[in-house]
file target_26.txt (compact mmCIF, C-alpha atoms)
# COMPACT_ATOMS: atom_id res chain seq x y z
CA MET W 89 95.03 120.05 114.32
CA THR W 90 95.38 120.30 118.09
CA THR W 91 98.92 119.90 119.39
CA THR W 92 100.36 119.26 122.84
CA PHE W 93 101.60 122.86 122.81
CA ASP W 94 98.04 124.12 122.29
CA ILE W 95 96.76 122.06 125.22
CA SER W 96 99.60 123.24 127.49
CA TRP W 97 98.16 126.78 127.83
CA GLY W 98 94.98 125.58 129.51
CA PHE W 99 96.81 122.90 131.49
CA PHE W 100 99.35 125.33 132.96
CA THR W 101 96.54 127.78 133.77
CA LEU W 102 94.85 124.96 135.68
CA LEU W 103 98.05 124.27 137.64
CA ALA W 104 98.75 127.96 138.35
CA TRP W 105 95.25 128.85 139.59
CA GLY W 106 94.83 125.55 141.43
CA GLY W 107 98.12 126.04 143.27
CA ALA W 108 97.38 129.71 143.97
CA ASP W 109 94.06 128.88 145.64
CA TYR W 110 95.64 126.22 147.83
CA LEU W 111 98.42 128.56 148.98
CA ALA W 112 95.87 131.33 149.54
CA ARG W 113 93.86 128.96 151.71
CA THR W 114 96.85 128.29 153.96
CA SER W 115 97.69 131.99 154.13
CA SER W 116 94.05 132.83 154.94
CA VAL W 117 94.07 130.44 157.89
CA ARG W 118 97.25 132.01 159.24
CA THR W 119 96.76 135.74 158.56
CA GLY W 120 93.06 136.14 157.70
CA SER W 121 91.16 135.94 154.42
CA LEU W 122 90.74 139.68 153.81
CA ASN W 123 94.42 140.30 154.43
CA THR W 124 95.28 137.52 151.98
CA ALA W 125 92.80 138.79 149.37
CA PHE W 126 94.35 142.26 149.53
CA PHE W 127 97.95 141.14 149.13
CA VAL W 128 97.18 138.54 146.44
CA GLN W 129 95.57 141.22 144.29
CA ALA W 130 98.00 144.04 145.10
CA ILE W 131 101.12 141.92 144.54
CA GLY W 132 99.46 140.01 141.72
CA TRP W 133 98.95 143.28 139.87
CA VAL W 134 102.71 143.58 139.30
CA LEU W 135 103.25 140.63 136.93
CA PRO W 136 100.52 141.57 134.41
CA ALA W 137 101.67 145.21 134.57
CA LEU W 138 105.27 144.19 133.83
CA TYR W 139 104.18 141.94 130.99
CA LEU W 140 102.02 144.70 129.51
CA GLY W 141 104.87 147.22 129.79
CA ILE W 142 107.40 144.90 128.16
CA SER W 143 104.96 143.97 125.40
CA LEU W 144 104.21 147.61 124.60
CA THR W 145 107.92 148.49 124.66
CA ILE W 146 108.87 145.70 122.26
CA SER W 147 105.99 145.69 119.81
CA GLY W 148 103.91 148.75 120.62
CA THR W 149 100.17 148.65 119.96
CA ASP W 150 97.91 149.44 117.06
CA ARG W 151 94.79 148.82 119.10
CA ASP W 152 92.14 151.52 119.44
CA ILE W 153 91.36 151.73 123.15
CA ASP W 154 87.79 152.57 124.15
CA TRP W 155 88.52 154.59 127.28
CA ALA W 156 84.87 155.51 127.81
CA THR W 157 83.86 151.84 128.11
CA LEU W 158 86.84 151.12 130.36
CA ALA W 159 85.92 154.04 132.63
CA ARG W 160 82.40 152.67 132.93
CA LEU W 161 83.11 148.96 133.40
CA VAL W 162 86.47 148.78 135.21
CA PRO W 163 85.17 150.12 138.58
CA LEU W 164 82.16 147.78 138.58
CA THR W 165 84.30 144.77 137.63
CA ALA W 166 86.88 145.66 140.26
CA VAL W 167 84.24 145.80 143.00
CA LEU W 168 82.78 142.44 141.95
CA LEU W 169 86.23 140.85 141.71
CA GLY W 170 87.50 142.29 144.99
CA VAL W 171 84.43 141.21 146.95
CA GLY W 172 84.40 137.84 145.18
CA TYR W 173 88.01 137.09 146.12
CA SER W 174 87.35 138.13 149.72
CA ILE W 175 84.33 135.83 150.05
CA TYR W 176 86.12 132.96 148.32
CA TYR W 177 89.18 133.14 150.57
CA ARG W 178 86.96 133.38 153.63
CA GLY W 179 85.28 130.15 152.53
CA LEU W 180 88.66 128.47 152.05
CA GLU W 181 89.70 129.70 155.51
CA VAL W 182 86.74 128.35 157.48
CA GLY W 183 85.28 125.58 155.30
CA SER W 184 86.09 122.60 153.14
CA VAL W 185 88.45 123.41 150.27
CA SER W 186 86.75 120.75 148.13
CA VAL W 187 83.23 122.13 148.60
CA VAL W 188 84.09 125.83 148.38
CA SER W 189 86.27 125.38 145.28
CA ALA W 190 83.70 123.26 143.48
CA VAL W 191 80.78 125.62 144.17
CA THR W 192 82.83 128.71 143.29
CA SER W 193 83.87 127.13 139.98
CA ALA W 194 80.25 127.52 138.88
CA TRP W 195 80.90 131.25 138.38
CA LEU W 196 80.91 130.23 134.72
CA LEU W 197 77.20 129.39 135.03
CA VAL W 198 76.46 132.87 136.42
CA SER W 199 78.61 134.45 133.72
CA VAL W 200 76.79 132.63 130.92
CA LEU W 201 73.38 133.62 132.30
CA LEU W 202 74.36 137.29 132.75
CA THR W 203 75.84 137.59 129.26
CA THR W 204 72.60 136.13 127.91
CA PHE W 205 70.42 138.70 129.64
CA PHE W 206 72.65 141.77 129.21
CA PHE W 207 74.81 141.11 126.12
CA ASP W 208 72.33 139.23 123.92
CA GLU W 209 74.18 135.91 123.99
CA VAL W 210 72.02 132.91 123.08
CA ILE W 211 71.85 129.86 125.36
CA THR W 212 71.46 126.62 123.43
CA SER W 213 69.54 123.57 124.62
CA SER W 214 72.85 121.84 125.37
CA GLN W 215 73.96 124.76 127.54
CA TRP W 216 70.65 124.74 129.41
CA ALA W 217 71.07 121.02 130.08
CA LEU W 218 74.56 121.61 131.48
CA ILE W 219 73.36 124.59 133.54
CA LEU W 220 70.80 122.29 135.16
CA THR W 221 73.51 119.66 135.67
CA VAL W 222 75.79 122.13 137.46
CA THR W 223 72.85 123.35 139.55
CA GLY W 224 72.13 119.76 140.51
CA GLY W 225 75.74 119.22 141.57
CA ILE W 226 75.61 122.32 143.76
CA ALA W 227 72.32 121.11 145.24
CA LEU W 228 74.01 117.84 146.23
CA LEU W 229 76.77 119.78 147.95
CA SER W 230 74.20 121.82 149.86
CA ILE W 231 72.41 118.70 151.13
CA HIS W 232 75.46 117.28 152.89
CA ARG W 233 76.06 120.12 155.31
CA ALA W 234 77.81 118.01 157.92
CA ALA W 235 81.13 119.46 158.95
CA LEU W 236 84.55 118.11 158.13
CA HIS W 237 86.46 117.75 161.39
CA GLY W 238 83.55 119.46 163.17
CA THR W 239 83.57 122.67 161.10
CA GLY W 240 81.21 123.99 158.43
CA THR W 241 81.68 123.18 154.76
CA GLY W 242 81.71 126.83 153.69
CA PHE W 243 78.98 126.10 151.13
CA TRP W 244 77.35 129.53 151.28
CA TYR W 245 80.71 131.27 150.93
CA GLY W 246 81.13 129.30 147.71
CA VAL W 247 77.71 130.47 146.53
CA GLY W 248 78.57 134.10 147.30
CA ALA W 249 81.93 133.86 145.54
CA MET W 250 80.24 132.18 142.57
CA ALA W 251 77.80 135.09 142.22
CA PHE W 252 80.35 137.92 142.49
CA LEU W 253 83.06 136.28 140.36
CA GLY W 254 80.45 135.29 137.77
CA GLY W 255 79.42 138.93 137.53
CA ALA W 256 83.03 140.04 137.17
CA PHE W 257 83.83 137.58 134.40
CA ALA W 258 80.60 138.37 132.57
CA LEU W 259 82.05 141.86 132.10
CA TRP W 260 85.44 140.54 130.99
CA LYS W 261 84.44 140.19 127.33
CA PRO W 262 83.39 143.84 126.79
CA LEU W 263 86.40 144.94 128.87
CA THR W 264 88.77 142.95 126.68
CA GLU W 265 87.16 144.28 123.53
CA ALA W 266 87.57 147.84 124.84
CA GLY W 267 91.20 147.69 125.96
CA GLY W 268 92.71 144.29 125.26
CA PRO W 269 93.15 141.42 127.75
CA PHE W 270 96.22 142.65 129.61
CA LEU W 271 95.22 146.28 129.99
CA ALA W 272 91.87 145.08 131.36
CA VAL W 273 93.62 142.79 133.87
CA VAL W 274 96.01 145.51 135.02
CA LEU W 275 93.30 148.13 135.50
CA VAL W 276 90.83 145.82 137.22
CA ARG W 277 93.35 144.10 139.49
CA GLY W 278 94.85 147.43 140.56
CA LEU W 279 91.44 148.83 141.50
CA SER W 280 90.18 145.58 143.07
CA SER W 281 93.12 145.63 145.50
CA ILE W 282 91.86 149.06 146.63
CA VAL W 283 88.39 147.54 147.11
CA THR W 284 89.76 144.84 149.44
CA LEU W 285 91.82 147.49 151.26
CA ALA W 286 88.59 149.45 151.81
CA LEU W 287 86.93 146.31 153.19
CA LEU W 288 89.82 145.91 155.63
CA ARG W 289 89.41 149.50 156.79
CA LEU W 290 85.62 149.21 157.10
CA ARG W 291 86.04 146.21 159.39
CA GLU W 292 88.82 148.03 161.25
CA MET W 293 91.22 145.17 160.60
CA PRO W 294 94.99 145.74 160.48
CA ILE W 295 97.05 145.15 157.36
CA ILE W 296 99.44 142.39 158.36
CA TRP W 297 102.47 141.52 156.27
CA PRO W 298 103.24 138.01 157.54
CA ALA W 299 106.63 136.78 158.63
CA GLY W 300 108.40 133.48 158.13
CA SER W 301 107.02 130.81 155.85
CA THR W 302 103.60 132.48 155.60
CA ARG W 303 105.19 135.37 153.74
CA TRP W 304 106.39 132.98 151.04
CA LEU W 305 103.00 131.29 150.86
CA LEU W 306 101.38 134.67 150.24
CA LEU W 307 103.95 135.66 147.63
CA GLY W 308 103.52 132.29 145.94
CA ALA W 309 99.74 132.63 145.87
CA ALA W 310 99.95 136.13 144.36
CA ALA W 311 102.54 135.10 141.76
CA LEU W 312 100.66 131.95 140.68
CA ASP W 313 97.32 133.78 140.54
CA ALA W 314 98.79 136.50 138.32
CA LEU W 315 100.71 133.95 136.23
CA GLY W 316 97.46 132.11 135.61
CA TYR W 317 95.93 135.26 134.07
CA ILE W 318 98.99 135.78 131.88
CA ILE W 319 99.11 132.17 130.65
CA TYR W 320 95.36 132.11 130.04
CA ASN W 321 95.38 135.30 127.97
CA MET W 322 98.46 134.17 126.04
CA GLY W 323 96.68 130.90 125.36
CA LEU W 324 93.67 132.74 123.97
CA ASP W 325 95.99 134.59 121.59
CA ARG W 326 97.98 131.53 120.48
CA ALA W 327 95.64 128.54 120.75
CA SER W 328 91.99 127.69 120.31
CA LEU W 329 89.64 129.16 122.89
CA ALA W 330 87.75 125.86 122.78
CA ILE W 331 90.89 124.12 124.11
CA THR W 332 92.19 126.70 126.58
CA ALA W 333 88.99 127.72 128.36
CA PRO W 334 87.67 124.27 129.40
CA LEU W 335 91.03 123.27 130.87
CA ALA W 336 91.37 126.60 132.69
CA ALA W 337 87.84 126.22 134.08
CA ALA W 338 88.95 122.95 135.69
CA HIS W 339 91.45 124.72 137.98
CA PRO W 340 89.54 123.72 141.17
CA LEU W 341 90.69 120.17 140.41
CA GLY W 342 94.23 121.27 141.26
CA THR W 343 93.11 122.91 144.51
CA ILE W 344 90.99 119.91 145.54
CA ALA W 345 93.77 117.44 144.71
CA LEU W 346 96.24 119.36 146.89
CA ALA W 347 93.69 119.55 149.73
CA TRP W 348 93.05 115.81 149.58
CA TRP W 349 96.77 115.06 149.43
CA LEU W 350 98.20 117.58 151.92
CA LEU W 351 95.25 118.38 154.21
CA ARG W 352 93.84 114.86 154.17
CA GLU W 353 90.36 116.18 153.40
CA ARG W 354 88.01 113.27 152.92
CA PRO W 355 84.57 114.49 151.82
CA GLY W 356 81.59 112.17 152.17
CA ARG W 357 80.29 110.15 149.23
CA LEU W 358 77.49 112.60 148.48
CA GLN W 359 79.99 115.47 148.47
CA VAL W 360 82.28 113.57 146.10
CA VAL W 361 79.36 113.05 143.72
CA GLY W 362 78.39 116.72 144.00
CA ILE W 363 81.96 117.89 143.38
CA SER W 364 82.32 115.56 140.38
CA VAL W 365 79.00 116.58 138.82
CA THR W 366 79.65 120.30 139.36
CA LEU W 367 83.16 120.28 137.90
CA ALA W 368 82.23 118.02 134.97
CA GLY W 369 79.32 120.32 134.14
CA VAL W 370 81.48 123.44 134.39
CA ILE W 371 84.15 122.01 132.11
CA ALA W 372 81.57 120.85 129.56
CA LEU W 373 79.73 124.18 129.73
CA SER W 374 82.99 126.01 129.15
CA ALA W 375 83.81 123.76 126.19
CA ILE W 376 80.54 124.30 124.33
CA ALA W 377 80.30 127.98 125.31
CA VAL W 378 83.41 128.84 123.33
CA VAL W 379 83.07 126.54 120.33
call {"tool": "encode", "arguments": {"input": "target_26.txt", "output": "structure tokens"}}
result
Amino acid sequence: MTTTFDISWGFFTLLAWGGADYLARTSSVRTGSLNTAFFVQAIGWVLPALYLGISLTISGTDRDIDWATLARLVPLTAVLLGVGYSIYYRGLEVGSVSVVSAVTSAWLLVSVLLTTFFFDEVITSSQWALILTVTGGIALLSIHRAALHGTGTGFWYGVGAMAFLGGAFALWKPLTEAGGPFLAVVLVRGLSSIVTLALLRLREMPIIWPAGSTRWLLLGAAALDALGYIIYNMGLDRASLAITAPLAAAHPLGTIALAWWLLRERPGRLQVVGISVTLAGVIALSAIAVV
């Protein structure tokens, strides 16, 4: 029987990731998207590392860690995650939060397709129908390219983030099986922060630690992003995956709601339909993918 406590894991993940993305958007506008991506991952590495350390100290571990698999998959996942975050935050910086968040949320579609081709997962007819639904929602968002307040929607940044993050999360299952959820998060997030640092250096951009209120926005984004990973993984351990994952996949709803409320974003009717179709399809796809 599903209880309110079971549902709370996915709901609080939604709130944490939705709030993190909104704060990261504001920080990206003020200090740059790459700078924000670096600090969110570098600072956000601390909370999962602390949780892992405390957990190992209190209860130890009887898990056999597959270090060979971790050595092979962690670097690839870190590159995909680091680049994905950088593209996503760039989209939030220059485009519409509603459009970029909705398109990026379809990383689940990419993840399902990749696990089918590379890890022998089977896609059912229901999943194919939802994949087509999500694709249709994204197509609607691509049609209405008119700018909000005279700027681009950031649609193609959302597509790029969707591809890279989908690749990263497709590898999350074998990573978790090899080392457990928290060790995988700590290793990948630590290395992905180095990836974004390398991107900063390649573009010859300075590392800027912001002052004033922006500093707190950045710290808040990093803390909420990391907290979302912790809550999500705890939910997978303590509640049904079929309950936690669909709610967590809906986290762009939190970001979009904050953008509509605080930024006064008012997408056109076609965009609203596209956003609704995309998010509904993603949530449904997540629900049946884990049942």
call {"tool": "residues_around", "arguments": {"input": "target_26.txt", "residues": "Ser213 (chain W)", "least_positions_apart": "6", "cutoff": "12 Å", "atoms": "all atoms listed in the file", "output": "JSON, numbers by chain"}}
result
{"W": [219, 220, 373, 376, 377]}
call {"tool": "residues_around", "arguments": {"input": "target_26.txt", "residues": "region 303-307 of chain W", "least_positions_apart": "2", "cutoff": "10 Å", "atoms": "all atoms listed in the file", "output": "number ranges by chain"}}
result
W: 108, 110-116, 119, 123-125, 127-128, 131-132, 297-301, 309-313
call {"tool": "write_last_selection", "arguments": {"input": "target_26.txt", "atoms": "C-alpha atoms", "output": "compact mmCIF listing (two decimals), keeping the file's coordinate frame"}}
result
# COMPACT_ATOMS: atom_id res chain seq x y z
CA ALA W 108 97.38 129.71 143.97
CA TYR W 110 95.64 126.22 147.83
CA LEU W 111 98.42 128.56 148.98
CA ALA W 112 95.87 131.33 149.54
CA ARG W 113 93.86 128.96 151.71
CA THR W 114 96.85 128.29 153.96
CA SER W 115 97.69 131.99 154.13
CA SER W 116 94.05 132.83 154.94
CA THR W 119 96.76 135.74 158.56
CA ASN W 123 94.42 140.30 154.43
CA THR W 124 95.28 137.52 151.98
CA ALA W 125 92.80 138.79 149.37
CA PHE W 127 97.95 141.14 149.13
CA VAL W 128 97.18 138.54 146.44
CA ILE W 131 101.12 141.92 144.54
CA GLY W 132 99.46 140.01 141.72
CA TRP W 297 102.47 141.52 156.27
CA PRO W 298 103.24 138.01 157.54
CA ALA W 299 106.63 136.78 158.63
CA GLY W 300 108.40 133.48 158.13
CA SER W 301 107.02 130.81 155.85
CA ALA W 309 99.74 132.63 145.87
CA ALA W 310 99.95 136.13 144.36
CA ALA W 311 102.54 135.10 141.76
CA LEU W 312 100.66 131.95 140.68
CA ASP W 313 97.32 133.78 140.54
call {"tool": "closest_residue", "arguments": {"input": "target_26.txt", "among": "W:Leu144, W:Leu285, W:Leu202, W:Ala368", "to": "Ala130 (chain W)", "atoms": "all atoms listed in the file"}}
result
W:Leu285
call {"tool": "residues_around", "arguments": {"input": "target_26.txt", "residues": "Ile363 (chain W)", "least_positions_apart": "5", "cutoff": "8 Å", "atoms": "all atoms listed in the file", "output": "NGL selection string"}}
result
:W and (186-187 or 190-191 or 225-226 or 229)
call {"tool": "residues_near_point", "arguments": {"input": "target_26.txt", "point": "(95.5, 139.7, 140.1)", "cutoff": "6 Å", "atoms": "all atoms listed in the file", "output": "VMD selection string"}}
result
chain W and resid 129 132 to 133 277 314
call {"tool": "atom_distance", "arguments": {"input": "target_26.txt", "atom1": "CA of Leu161 (chain W)", "atom2": "CA of Gly268 (chain W)"}}
result
13.4 Å
call {"tool": "atom_distance", "arguments": {"input": "target_26.txt", "atom1": "CA of Phe257 (chain W)", "atom2": "CA of Leu169 (chain W)"}}
result
8.4 Å
call {"tool": "residues_around", "arguments": {"input": "target_26.txt", "residues": "Val276 (chain W)", "least_positions_apart": "3", "cutoff": "7 Å", "atoms": "all atoms listed in the file", "output": "MDAnalysis selection string"}}
result
chainID W and resid 162 165:166 272:273 279:280
call {"tool": "closest_residue", "arguments": {"input": "target_26.txt", "among": "W:Pro136, W:Pro163, W:Gly356, W:Gly172", "to": "Gly254 (chain W)", "atoms": "only C-alpha atoms"}}
result
W:Gly172
call {"tool": "closest_residue", "arguments": {"input": "target_26.txt", "among": "W:Val247, W:Leu271, W:Ile146, W:Ala336", "to": "Phe99 (chain W)", "atoms": "all atoms listed in the file"}}
result
W:Ala336
call {"tool": "closest_residue", "arguments": {"input": "target_26.txt", "among": "W:Ile344, W:Leu288, W:Ile318, W:Ile296", "to": "Gly106 (chain W)", "atoms": "all atoms listed in the file"}}
result
W:Ile344
